$ cat target35.cif   # mmCIF, C-alpha atoms
data_run
loop_
_atom_site.label_atom_id
_atom_site.label_comp_id
_atom_site.auth_asym_id
_atom_site.auth_seq_id
_atom_site.Cartn_x
_atom_site.Cartn_y
_atom_site.Cartn_z
CA MET A 1185 55.03 -80.51 -18.77
CA THR A 1186 57.37 -83.49 -18.55
CA VAL A 1187 56.23 -84.96 -21.88
CA VAL A 1188 57.17 -81.81 -23.79
CA HIS A 1189 60.42 -81.42 -21.87
CA GLU A 1190 61.51 -84.94 -22.87
CA ALA A 1191 60.33 -84.51 -26.48
CA VAL A 1192 62.56 -81.47 -27.03
CA GLY A 1193 65.52 -83.00 -25.21
CA GLY A 1194 65.36 -80.63 -22.28
CA ILE A 1195 66.13 -77.41 -24.20
CA GLU A 1196 64.69 -74.13 -22.97
CA LEU A 1197 61.51 -73.18 -24.81
CA GLU A 1198 60.99 -69.65 -26.05
CA PRO A 1199 57.83 -67.81 -24.87
CA ALA A 1200 56.22 -67.98 -28.32
CA GLU A 1201 56.89 -71.74 -28.50
CA LYS A 1202 55.31 -72.25 -25.09
CA ARG A 1203 52.20 -70.39 -26.22
CA GLU A 1204 51.86 -72.49 -29.40
CA ILE A 1205 52.27 -75.76 -27.49
CA TRP A 1206 49.76 -74.57 -24.90
CA ARG A 1207 47.31 -73.72 -27.70
CA PHE A 1208 47.75 -77.22 -29.11
CA THR A 1209 47.10 -78.84 -25.72
CA GLN A 1210 43.97 -76.71 -25.24
CA CYS A 1211 42.58 -77.59 -28.67
CA GLU A 1212 43.48 -81.27 -29.02
CA LEU A 1213 44.18 -82.93 -25.67
CA PRO A 1214 40.77 -82.42 -24.03
CA TYR A 1215 39.38 -85.06 -26.43
CA LEU A 1216 41.94 -87.52 -25.02
CA TRP A 1217 41.19 -86.57 -21.42
CA SER A 1218 37.46 -87.12 -21.83
CA GLN A 1219 35.76 -90.41 -20.98
CA ARG A 1220 35.77 -91.41 -24.67
CA THR A 1221 38.12 -94.23 -25.71
CA SER A 1222 40.79 -92.67 -27.91
CA TYR A 1223 42.69 -94.40 -30.74
CA PHE A 1224 45.77 -92.70 -32.17
CA ILE A 1225 46.04 -93.99 -35.77
CA LEU A 1226 49.51 -94.09 -37.36
CA GLY A 1227 50.45 -94.67 -40.99
CA SER A 1228 51.27 -93.05 -44.30
CA TYR A 1229 49.27 -90.01 -45.40
CA ARG A 1230 50.07 -90.58 -49.07
CA ASP A 1231 47.48 -91.97 -51.47
CA PRO A 1232 46.40 -94.78 -51.58
CA HIS A 1233 47.66 -95.50 -48.06
CA ILE A 1234 45.63 -92.67 -46.50
CA ARG A 1235 42.48 -94.47 -47.69
CA ARG A 1236 43.37 -97.39 -45.46
CA LEU A 1237 43.83 -95.08 -42.48
CA ARG A 1238 40.37 -93.67 -43.14
CA ALA A 1239 38.98 -97.20 -43.33
CA VAL A 1240 40.48 -97.95 -39.90
CA GLN A 1241 39.12 -94.69 -38.54
CA ASN A 1242 35.63 -95.47 -39.87
CA GLU A 1243 35.63 -98.96 -38.37
CA LEU A 1244 36.72 -97.72 -34.94
CA THR A 1245 34.08 -94.99 -35.02
CA LYS A 1246 31.47 -97.76 -34.86
CA GLN A 1247 32.52 -98.39 -31.27
CA LEU A 1248 30.27 -96.46 -28.91
CA GLY A 1249 32.19 -93.63 -27.26
CA ALA A 1250 35.30 -94.07 -29.41
CA TYR A 1251 37.48 -91.20 -30.63
CA PRO A 1252 39.77 -92.47 -33.42
CA PHE A 1253 41.97 -89.75 -34.90
CA ILE A 1254 44.87 -89.15 -37.30
CA MET A 1255 47.57 -86.65 -36.37
CA GLY A 1256 47.51 -85.09 -39.84
CA ASP A 1257 43.95 -83.88 -39.20
CA LEU A 1258 44.88 -81.96 -36.06
CA LEU A 1259 46.13 -78.44 -35.39
CA GLU A 1260 49.74 -77.94 -36.42
CA LEU A 1261 52.45 -76.39 -34.29
CA PRO A 1262 53.81 -73.38 -36.22
CA THR A 1263 57.41 -73.38 -35.05
CA ASP A 1264 60.54 -73.50 -37.19
CA ARG A 1265 63.10 -74.20 -34.47
CA LEU A 1266 61.60 -77.31 -32.89
CA ASN A 1267 60.82 -80.77 -34.21
CA THR A 1268 57.05 -80.42 -34.08
CA PHE A 1269 56.49 -84.08 -34.94
CA ASP A 1270 58.26 -85.21 -31.78
CA ILE A 1271 56.24 -82.85 -29.61
CA MET A 1272 52.86 -83.66 -31.15
CA PHE A 1273 53.54 -87.40 -31.29
CA SER A 1274 54.70 -87.54 -27.67
CA LEU A 1275 51.68 -85.63 -26.36
CA LEU A 1276 49.16 -87.62 -28.41
CA ALA A 1277 50.76 -91.02 -27.76
CA THR A 1278 51.06 -90.34 -24.04
CA TYR A 1279 47.43 -89.41 -23.48
CA SER A 1280 45.73 -91.71 -26.01
CA ASP A 1281 44.16 -94.89 -24.68
CA TYR A 1282 45.39 -97.00 -27.61
CA ILE A 1283 47.76 -96.61 -30.55
CA VAL A 1284 46.99 -98.32 -33.86
CA GLY A 1285 49.66 -98.50 -36.56
CA VAL A 1286 48.87 -99.41 -40.19
CA PHE A 1287 52.00 -100.38 -42.13
CA GLU A 1288 52.36 -101.08 -45.85
CA LYS A 1289 56.07 -100.42 -46.43
CA GLU A 1290 59.27 -100.03 -44.44
CA SER A 1291 60.20 -96.51 -45.51
CA GLY A 1292 58.46 -93.20 -44.93
CA GLY A 1293 57.01 -91.47 -41.90
CA GLU A 1294 55.49 -94.62 -40.43
CA ALA A 1295 58.93 -96.24 -40.07
CA PRO A 1296 60.10 -94.08 -37.14
CA GLU A 1297 56.60 -94.32 -35.65
CA LEU A 1298 57.02 -98.10 -35.39
CA GLY A 1299 60.33 -97.52 -33.65
CA GLU A 1300 58.54 -95.33 -31.10
CA ILE A 1301 55.72 -97.74 -30.21
CA ASP A 1302 57.58 -101.06 -30.04
CA ASP A 1303 59.00 -100.26 -26.63
CA SER A 1304 58.11 -98.56 -23.35
CA PRO A 1305 56.17 -96.41 -22.62
CA TYR A 1306 53.84 -97.00 -25.59
CA PHE A 1307 54.20 -100.72 -26.36
CA ASP A 1308 51.59 -102.00 -23.90
CA LYS A 1309 48.77 -100.00 -25.52
CA SER A 1310 49.84 -100.35 -29.16
CA TYR A 1311 48.59 -102.60 -31.98
CA VAL A 1312 50.06 -103.06 -35.45
CA PHE A 1313 48.33 -103.89 -38.74
CA PRO A 1314 51.09 -104.78 -41.24
CA ARG A 1315 50.08 -105.55 -44.81
CA ASP A 1316 51.36 -108.82 -46.31
CA TYR A 1317 53.21 -109.70 -43.12
CA ALA A 1318 53.80 -113.33 -42.21
CA TRP A 1319 56.46 -114.64 -39.85
CA VAL A 1320 58.00 -117.66 -41.55
CA ALA A 1321 60.30 -119.66 -39.31
CA ASP A 1322 61.01 -122.29 -41.96
CA GLU A 1323 60.19 -123.12 -45.57
CA HIS A 1324 56.85 -124.75 -44.83
CA LEU A 1325 53.51 -123.11 -45.55
CA GLU A 1326 51.59 -122.80 -42.30
CA SER A 1327 48.45 -120.79 -43.12
CA LYS A 1328 46.44 -119.03 -45.81
CA ARG A 1329 48.36 -115.85 -45.04
CA HIS A 1330 51.70 -117.54 -45.85
CA VAL A 1331 50.30 -118.82 -49.16
CA VAL A 1332 49.00 -115.38 -50.22
CA GLN A 1333 52.29 -113.73 -49.31
CA ALA A 1334 54.28 -116.30 -51.30
CA ALA A 1335 51.89 -115.95 -54.27
CA LEU A 1336 52.30 -112.16 -54.24
CA GLU A 1337 56.08 -112.46 -54.29
CA ILE A 1338 55.88 -114.82 -57.27
CA ALA A 1339 53.37 -112.62 -59.14
CA PHE A 1340 55.65 -109.57 -58.87
CA ALA A 1341 58.95 -111.38 -59.50
CA ASP A 1342 60.85 -109.59 -62.29
CA ASP A 1343 62.68 -112.71 -63.48
CA LEU A 1344 59.54 -114.75 -64.29
CA THR A 1345 57.38 -114.64 -67.40
CA GLU A 1346 53.62 -114.45 -66.94
CA ASP A 1347 53.23 -118.15 -67.80
CA GLU A 1348 56.04 -119.15 -65.42
CA ALA A 1349 54.54 -117.13 -62.59
CA HIS A 1350 51.08 -118.62 -63.25
CA SER A 1351 52.49 -122.15 -63.16
CA LYS A 1352 54.40 -121.54 -59.92
CA ILE A 1353 51.34 -120.02 -58.22
CA ASP A 1354 49.14 -122.94 -59.28
CA SER A 1355 51.75 -125.33 -57.88
CA LEU A 1356 51.93 -123.31 -54.66
CA ILE A 1357 48.17 -123.47 -54.17
CA ASN A 1358 48.09 -127.21 -54.89
CA ARG A 1359 50.84 -127.86 -52.33
CA ALA A 1360 49.02 -125.75 -49.74
CA GLN A 1361 45.74 -127.59 -50.29
CA ALA A 1362 47.50 -130.96 -50.18
CA SER A 1363 49.04 -130.01 -46.81
CA GLY A 1364 45.58 -129.32 -45.39
CA ILE A 1365 45.41 -125.51 -45.63
CA ASP A 1366 41.85 -124.38 -46.33
CA ILE A 1367 42.39 -122.00 -49.22
CA ASP A 1368 40.36 -121.31 -52.34
CA GLU A 1369 42.21 -120.99 -55.65
CA HIS A 1370 39.82 -118.35 -57.00
CA GLU A 1371 40.19 -116.23 -53.87
CA VAL A 1372 43.97 -116.21 -54.25
CA TRP A 1373 43.76 -115.20 -57.91
CA ASP A 1374 41.22 -112.46 -57.13
CA ILE A 1375 43.67 -110.96 -54.61
CA LEU A 1376 46.55 -111.21 -57.07
CA ASP A 1377 44.55 -109.71 -59.94
CA ASP A 1378 43.51 -106.74 -57.80
CA ARG A 1379 47.08 -106.07 -56.69
CA VAL A 1380 48.47 -106.37 -60.23
CA ASP A 1381 45.75 -104.08 -61.62
CA GLU A 1382 46.53 -101.48 -58.94
CA GLU A 1383 50.31 -102.01 -59.40
CA GLU A 1384 50.66 -102.49 -55.64
CA GLU A 1385 53.71 -104.67 -55.10
CA PRO A 1386 53.92 -106.80 -51.93
CA ALA A 1387 55.10 -104.91 -48.89
CA THR A 1388 58.62 -105.68 -47.71
CA TYR A 1389 59.69 -105.31 -44.09
CA TRP A 1390 63.26 -106.54 -43.88
CA VAL A 1391 63.98 -104.05 -41.09
CA HIS A 1392 60.66 -104.39 -39.29
CA LEU A 1393 60.05 -108.17 -39.19
CA ASN A 1394 61.33 -108.62 -35.66
CA LYS A 1395 59.31 -105.66 -34.42
CA PHE A 1396 56.10 -107.09 -35.89
CA ARG A 1397 57.00 -110.47 -34.44
CA LYS A 1398 57.22 -108.89 -30.98
CA PHE A 1399 53.66 -107.59 -31.33
CA GLU A 1400 52.55 -110.94 -32.74
CA LEU A 1401 53.88 -112.80 -29.71
CA HIS A 1402 51.81 -110.46 -27.52
CA ASP A 1403 48.68 -111.06 -29.63
CA ARG A 1404 48.62 -107.47 -30.85
CA CYS A 1405 49.58 -107.95 -34.50
CA PHE A 1406 46.82 -108.10 -37.15
CA PRO A 1407 48.23 -108.92 -40.63
CA TRP A 1408 46.07 -108.17 -43.69
CA THR A 1409 46.22 -108.25 -47.47
CA THR A 1410 43.03 -106.66 -48.77
CA GLU A 1411 41.16 -103.64 -47.41
CA GLU A 1412 38.27 -105.93 -46.51
CA GLU A 1413 40.64 -108.00 -44.36
CA LEU A 1414 41.93 -104.81 -42.75
CA ARG A 1415 38.39 -103.78 -41.83
CA THR A 1416 37.71 -107.24 -40.41
CA ALA A 1417 40.89 -107.11 -38.33
CA VAL A 1418 40.00 -103.66 -36.95
CA ASP A 1419 36.54 -104.93 -36.12
CA GLU A 1420 38.18 -107.72 -34.10
CA LEU A 1421 40.19 -105.13 -32.18
CA ARG A 1422 37.07 -103.04 -31.64
CA ARG A 1423 35.24 -106.04 -30.20
CA ARG A 1424 38.13 -106.70 -27.83
CA HIS A 1425 37.73 -103.21 -26.43
CA HIS A 1426 33.94 -103.25 -26.30
CA GLY A 1427 32.89 -102.26 -22.81
CA ARG A 1428 36.47 -101.50 -21.82
CA SER A 1429 38.19 -98.18 -21.38
CA GLY A 1430 41.86 -97.38 -21.12
CA LYS A 1431 41.10 -94.36 -18.92
CA ARG A 1432 42.87 -93.79 -15.67
CA MET A 1433 40.90 -91.62 -13.32
CA ASP A 1434 44.19 -90.30 -11.91
CA ASN A 1435 45.38 -89.16 -15.37
CA PRO A 1436 47.89 -86.40 -14.63
CA GLY A 1437 46.77 -84.49 -17.69
CA LEU A 1438 43.27 -83.79 -16.48
CA ARG A 1439 44.32 -80.25 -15.65
CA LEU A 1440 45.45 -78.09 -18.54
CA PRO A 1441 48.91 -76.63 -18.02
CA TYR A 1442 49.51 -72.93 -18.34
CA PRO A 1443 52.18 -71.74 -20.80
CA HIS A 1444 54.67 -70.97 -18.03
CA ALA A 1445 54.40 -74.57 -16.81
CA LEU A 1446 55.70 -76.02 -20.08
#
$ encode --input "target35.cif" --output "structure tokens"
Amino acid sequence: MTVVHEAVGGIELEPAEKREIWRFTQCELPYLWSQRTSYFILGSYRDPHIRRLRAVQNELTKQLGAYPFIMGDLLELPTDRLNTFDIMFSLLATYSDYIVGVFEKESGGEAPELGEIDDSPYFDKSYVFPRDYAWVADEHLESKRHVVQAALEIAFADDLTEDEAHSKIDSLINRAQASGIDIDEHEVWDILDDRVDEEEEPATYWVHLNKFRKFELHDRCFPWTTEEELRTAVDELRRRHHGRSGKRMDNPGLRLPYPHAL
């Protein structure tokens, strides 16, 4: 199978490795080769981030005929010699209809995943959901999202007292409202209070900003701050795909390979 060959860099597989990969394809890939619309969900498996992945999975399940899945729930490849992540990721990403990445930080397992999907062959079917992301080309506030991001950065600034932070956030909201941005002061403070109570600092993406911007320019970036906003954004994606299928009837994977073909 070409996908596996490329994932392992062309090295010769041992018979036992071929059998394990074949077992994985038999167990997991038929779901992707069915007529259901499959969504490969990427993101951190650590708590509380895994809760957001489950929220995305639950929202996508509402779509009739959808099969949203997380790689951590699937059968593992028991091999010590090979990079099993590369093999599993390549197989799942290749045969999934869509790839959905949920990002809350720039380190961890989801960082290399973003590097995989921001280019061919996966970019055209991928969508990103970065928390607290806002592309700011200048110093001006352009939307509610920019205001919330700026308020979060002020709230978690180490060099400000509580009173100083409160004053700066009030001033920020006033400037935003004066510039015509439709934003409610109480809504902003509710978001900030929740994040402070949960000790969830604003996400930083110094390395990833340009990658998210690429998806944004292709209308496939869905920024969010709260879990409710994440669910709403996923619902928007689900509605886009309503009545559509990414299936190709000439999918080369419709026939299961035998171990010797790997």
$ closest_residue --input "target35.cif" --among "A:Arg1404, A:Val1418, A:Ser1327, A:Ile1225" --to "Gly1364 (chain A)" --atoms "all atoms listed in the file"
A:Ser1327
$ closest_residue --input "target35.cif" --among "A:Glu1204, A:Pro1214, A:Asp1316, A:Ile1283" --to "Asp1264 (chain A)" --atoms "all atoms listed in the file"
A:Glu1204
$ closest_residue --input "target35.cif" --among "A:Phe1399, A:Leu1248, A:Thr1263, A:Arg1236" --to "Lys1202 (chain A)" --atoms "only C-alpha atoms"
A:Thr1263
$ closest_residue --input "target35.cif" --among "A:Glu1196, A:Asp1281, A:Asp1302, A:Asp1381" --to "Cys1405 (chain A)" --atoms "only C-alpha atoms"
A:Asp1302
$ closest_residue --input "target35.cif" --among "A:Glu1383, A:Gly1256, A:Arg1207, A:Leu1266" --to "Ala1191 (chain A)" --atoms "all atoms listed in the file"
A:Leu1266
$ residues_around --input "target35.cif" --residues "Ala1341 (chain A)" --least-positions-apart "3" --cutoff "12 Å" --atoms "only C-alpha atoms" --output "number ranges by chain"
A: 1334-1338, 1344-1346, 1348-1350, 1352-1353, 1380, 1385-1386
$ write_last_selection --input "target35.cif" --atoms "C-alpha atoms" --output "tab-separated table (two decimals), in the frame of the given file"
chain	number	residue	atom	x	y	z
A	1334	ALA	CA	54.28	-116.30	-51.30
A	1335	ALA	CA	51.89	-115.95	-54.27
A	1336	LEU	CA	52.30	-112.16	-54.24
A	1337	GLU	CA	56.08	-112.46	-54.29
A	1338	ILE	CA	55.88	-114.82	-57.27
A	1344	LEU	CA	59.54	-114.75	-64.29
A	1345	THR	CA	57.38	-114.64	-67.40
A	1346	GLU	CA	53.62	-114.45	-66.94
A	1348	GLU	CA	56.04	-119.15	-65.42
A	1349	ALA	CA	54.54	-117.13	-62.59
A	1350	HIS	CA	51.08	-118.62	-63.25
A	1352	LYS	CA	54.40	-121.54	-59.92
A	1353	ILE	CA	51.34	-120.02	-58.22
A	1380	VAL	CA	48.47	-106.37	-60.23
A	1385	GLU	CA	53.71	-104.67	-55.10
A	1386	PRO	CA	53.92	-106.80	-51.93
$ resolve_selection --input "target35.cif" --expression "the PyMOL selection byres ((chain A and resi 1311) around 12)" --output "ChimeraX atom specification"
/A:1223-1226,1281-1287,1298,1301-1303,1306-1310,1312-1314,1395-1407,1417-1418,1420-1422,1424
$ resolve_selection --input "target35.cif" --expression "the PyMOL selection byres ((chain A and resi 1415) around 9)" --output "list in words"
Arg1236, Ala1239, Val1240, Asn1242, Glu1243, Thr1410, Glu1411, Glu1412, Glu1413, Leu1414, Thr1416, Ala1417, Val1418, Asp1419 and Glu1420 of chain A
$ atom_distance --input "target35.cif" --atom1 "CA of Leu1261 (chain A)" --atom2 "CA of Ile1195 (chain A)"
17.0 Å
$ closest_residue --input "target35.cif" --among "A:Arg1359, A:Asp1257, A:Thr1186, A:Pro1296" --to "Tyr1229 (chain A)" --atoms "all atoms listed in the file"
A:Asp1257
$ resolve_selection --input "target35.cif" --expression "the PyMOL selection byres ((chain A and resi 1280) around 12)" --output "VMD selection string"
chain A and resid 1212 to 1225 1250 to 1255 1272 to 1279 1281 to 1284 1305 to 1306 1309 to 1310 1429 to 1432 1435 1437
$ atom_distance --input "target35.cif" --atom1 "CA of Glu1288 (chain A)" --atom2 "CA of Gln1241 (chain A)"
16.4 Å
$ atom_distance --input "target35.cif" --atom1 "CA of Ser1355 (chain A)" --atom2 "CA of Asp1378 (chain A)"
20.3 Å
$ decode --input "target35.cif" --residues "region 1336-1348 of chain A" --atoms "all heavy atoms" --output "PDB file, in the first residue's frame"
ATOM      1  N   LEU A1336      -8.253  38.948  27.342  1.00  0.00           N
ATOM      2  CA  LEU A1336      -7.642  37.771  27.973  1.00  0.00           C
ATOM      3  C   LEU A1336      -6.165  38.003  28.258  1.00  0.00           C
ATOM      4  O   LEU A1336      -5.653  37.647  29.335  1.00  0.00           O
ATOM      5  CB  LEU A1336      -7.805  36.549  27.061  1.00  0.00           C
ATOM      6  CG  LEU A1336      -9.174  35.858  27.079  1.00  0.00           C
ATOM      7  CD1 LEU A1336      -9.274  34.862  25.929  1.00  0.00           C
ATOM      8  CD2 LEU A1336      -9.398  35.144  28.412  1.00  0.00           C
ATOM      9  N   GLU A1337      -5.473  38.602  27.308  1.00  0.00           N
ATOM     10  CA  GLU A1337      -4.045  38.866  27.499  1.00  0.00           C
ATOM     11  C   GLU A1337      -3.816  39.839  28.651  1.00  0.00           C
ATOM     12  O   GLU A1337      -2.857  39.701  29.419  1.00  0.00           O
ATOM     13  CB  GLU A1337      -3.438  39.401  26.207  1.00  0.00           C
ATOM     14  CG  GLU A1337      -3.408  38.356  25.090  1.00  0.00           C
ATOM     15  CD  GLU A1337      -2.947  38.927  23.763  1.00  0.00           C
ATOM     16  OE1 GLU A1337      -2.743  40.166  23.696  1.00  0.00           O
ATOM     17  OE2 GLU A1337      -2.798  38.149  22.800  1.00  0.00           O
ATOM     18  N   ILE A1338      -4.709  40.825  28.800  1.00  0.00           N
ATOM     19  CA  ILE A1338      -4.593  41.770  29.913  1.00  0.00           C
ATOM     20  C   ILE A1338      -4.887  41.065  31.236  1.00  0.00           C
ATOM     21  O   ILE A1338      -4.172  41.240  32.227  1.00  0.00           O
ATOM     22  CB  ILE A1338      -5.565  42.956  29.717  1.00  0.00           C
ATOM     23  CG1 ILE A1338      -5.150  43.781  28.496  1.00  0.00           C
ATOM     24  CG2 ILE A1338      -5.604  43.834  30.973  1.00  0.00           C
ATOM     25  CD1 ILE A1338      -6.174  44.845  28.106  1.00  0.00           C
ATOM     26  N   ALA A1339      -5.946  40.249  31.265  1.00  0.00           N
ATOM     27  CA  ALA A1339      -6.369  39.583  32.497  1.00  0.00           C
ATOM     28  C   ALA A1339      -5.283  38.664  33.048  1.00  0.00           C
ATOM     29  O   ALA A1339      -5.163  38.490  34.267  1.00  0.00           O
ATOM     30  CB  ALA A1339      -7.656  38.802  32.255  1.00  0.00           C
ATOM     31  N   PHE A1340      -4.481  38.062  32.158  1.00  0.00           N
ATOM     32  CA  PHE A1340      -3.461  37.113  32.605  1.00  0.00           C
ATOM     33  C   PHE A1340      -2.059  37.718  32.604  1.00  0.00           C
ATOM     34  O   PHE A1340      -1.083  36.986  32.776  1.00  0.00           O
ATOM     35  CB  PHE A1340      -3.493  35.868  31.717  1.00  0.00           C
ATOM     36  CG  PHE A1340      -4.621  34.922  32.045  1.00  0.00           C
ATOM     37  CD1 PHE A1340      -5.850  35.053  31.421  1.00  0.00           C
ATOM     38  CD2 PHE A1340      -4.449  33.912  32.980  1.00  0.00           C
ATOM     39  CE1 PHE A1340      -6.895  34.180  31.717  1.00  0.00           C
ATOM     40  CE2 PHE A1340      -5.479  33.042  33.278  1.00  0.00           C
ATOM     41  CZ  PHE A1340      -6.707  33.170  32.652  1.00  0.00           C
ATOM     42  N   ALA A1341      -1.957  39.025  32.422  1.00  0.00           N
ATOM     43  CA  ALA A1341      -0.644  39.680  32.433  1.00  0.00           C
ATOM     44  C   ALA A1341      -0.054  39.656  33.841  1.00  0.00           C
ATOM     45  O   ALA A1341      -0.695  40.069  34.807  1.00  0.00           O
ATOM     46  CB  ALA A1341      -0.762  41.116  31.932  1.00  0.00           C
ATOM     47  N   ASP A1342       1.174  39.183  33.974  1.00  0.00           N
ATOM     48  CA  ASP A1342       1.808  39.043  35.287  1.00  0.00           C
ATOM     49  C   ASP A1342       2.206  40.384  35.894  1.00  0.00           C
ATOM     50  O   ASP A1342       2.362  40.489  37.117  1.00  0.00           O
ATOM     51  CB  ASP A1342       3.061  38.157  35.172  1.00  0.00           C
ATOM     52  CG  ASP A1342       2.715  36.717  34.798  1.00  0.00           C
ATOM     53  OD1 ASP A1342       1.610  36.276  35.152  1.00  0.00           O
ATOM     54  OD2 ASP A1342       3.561  36.059  34.150  1.00  0.00           O
ATOM     55  N   ASP A1343       2.405  41.406  35.057  1.00  0.00           N
ATOM     56  CA  ASP A1343       2.930  42.672  35.559  1.00  0.00           C
ATOM     57  C   ASP A1343       1.830  43.673  35.927  1.00  0.00           C
ATOM     58  O   ASP A1343       2.121  44.844  36.208  1.00  0.00           O
ATOM     59  CB  ASP A1343       3.857  43.306  34.525  1.00  0.00           C
ATOM     60  CG  ASP A1343       3.171  43.536  33.184  1.00  0.00           C
ATOM     61  OD1 ASP A1343       2.119  42.916  32.950  1.00  0.00           O
ATOM     62  OD2 ASP A1343       3.700  44.335  32.376  1.00  0.00           O
ATOM     63  N   LEU A1344       0.573  43.237  35.943  1.00  0.00           N
ATOM     64  CA  LEU A1344      -0.534  44.128  36.294  1.00  0.00           C
ATOM     65  C   LEU A1344      -1.213  43.663  37.576  1.00  0.00           C
ATOM     66  O   LEU A1344      -1.401  42.457  37.788  1.00  0.00           O
ATOM     67  CB  LEU A1344      -1.577  44.162  35.166  1.00  0.00           C
ATOM     68  CG  LEU A1344      -1.144  44.734  33.817  1.00  0.00           C
ATOM     69  CD1 LEU A1344      -2.283  44.618  32.820  1.00  0.00           C
ATOM     70  CD2 LEU A1344      -0.711  46.195  33.968  1.00  0.00           C
ATOM     71  N   THR A1345      -1.580  44.641  38.422  1.00  0.00           N
ATOM     72  CA  THR A1345      -2.390  44.293  39.584  1.00  0.00           C
ATOM     73  C   THR A1345      -3.821  44.040  39.120  1.00  0.00           C
ATOM     74  O   THR A1345      -4.182  44.337  37.981  1.00  0.00           O
ATOM     75  CB  THR A1345      -2.383  45.431  40.620  1.00  0.00           C
ATOM     76  OG1 THR A1345      -3.069  46.571  40.054  1.00  0.00           O
ATOM     77  CG2 THR A1345      -0.968  45.817  41.006  1.00  0.00           C
ATOM     78  N   GLU A1346      -4.631  43.483  39.996  1.00  0.00           N
ATOM     79  CA  GLU A1346      -6.022  43.205  39.637  1.00  0.00           C
ATOM     80  C   GLU A1346      -6.758  44.488  39.262  1.00  0.00           C
ATOM     81  O   GLU A1346      -7.532  44.505  38.290  1.00  0.00           O
ATOM     82  CB  GLU A1346      -6.731  42.501  40.795  1.00  0.00           C
ATOM     83  CG  GLU A1346      -8.144  42.078  40.473  1.00  0.00           C
ATOM     84  CD  GLU A1346      -8.795  41.261  41.590  1.00  0.00           C
ATOM     85  OE1 GLU A1346      -8.061  40.805  42.492  1.00  0.00           O
ATOM     86  OE2 GLU A1346     -10.037  41.095  41.554  1.00  0.00           O
ATOM     87  N   ASP A1347      -6.538  45.559  40.021  1.00  0.00           N
ATOM     88  CA  ASP A1347      -7.207  46.829  39.729  1.00  0.00           C
ATOM     89  C   ASP A1347      -6.732  47.407  38.396  1.00  0.00           C
ATOM     90  O   ASP A1347      -7.540  47.943  37.611  1.00  0.00           O
ATOM     91  CB  ASP A1347      -6.938  47.839  40.854  1.00  0.00           C
ATOM     92  CG  ASP A1347      -7.695  47.497  42.129  1.00  0.00           C
ATOM     93  OD1 ASP A1347      -8.671  46.711  42.042  1.00  0.00           O
ATOM     94  OD2 ASP A1347      -7.306  47.988  43.208  1.00  0.00           O
ATOM     95  N   GLU A1348      -5.425  47.302  38.130  1.00  0.00           N
ATOM     96  CA  GLU A1348      -4.889  47.821  36.871  1.00  0.00           C
ATOM     97  C   GLU A1348      -5.454  47.053  35.678  1.00  0.00           C
ATOM     98  O   GLU A1348      -5.820  47.646  34.655  1.00  0.00           O
ATOM     99  CB  GLU A1348      -3.364  47.730  36.876  1.00  0.00           C
ATOM    100  CG  GLU A1348      -2.691  48.729  37.817  1.00  0.00           C
ATOM    101  CD  GLU A1348      -1.199  48.480  37.940  1.00  0.00           C
ATOM    102  OE1 GLU A1348      -0.766  47.333  37.674  1.00  0.00           O
ATOM    103  OE2 GLU A1348      -0.463  49.418  38.303  1.00  0.00           O
TER     104      GLU A1348
END
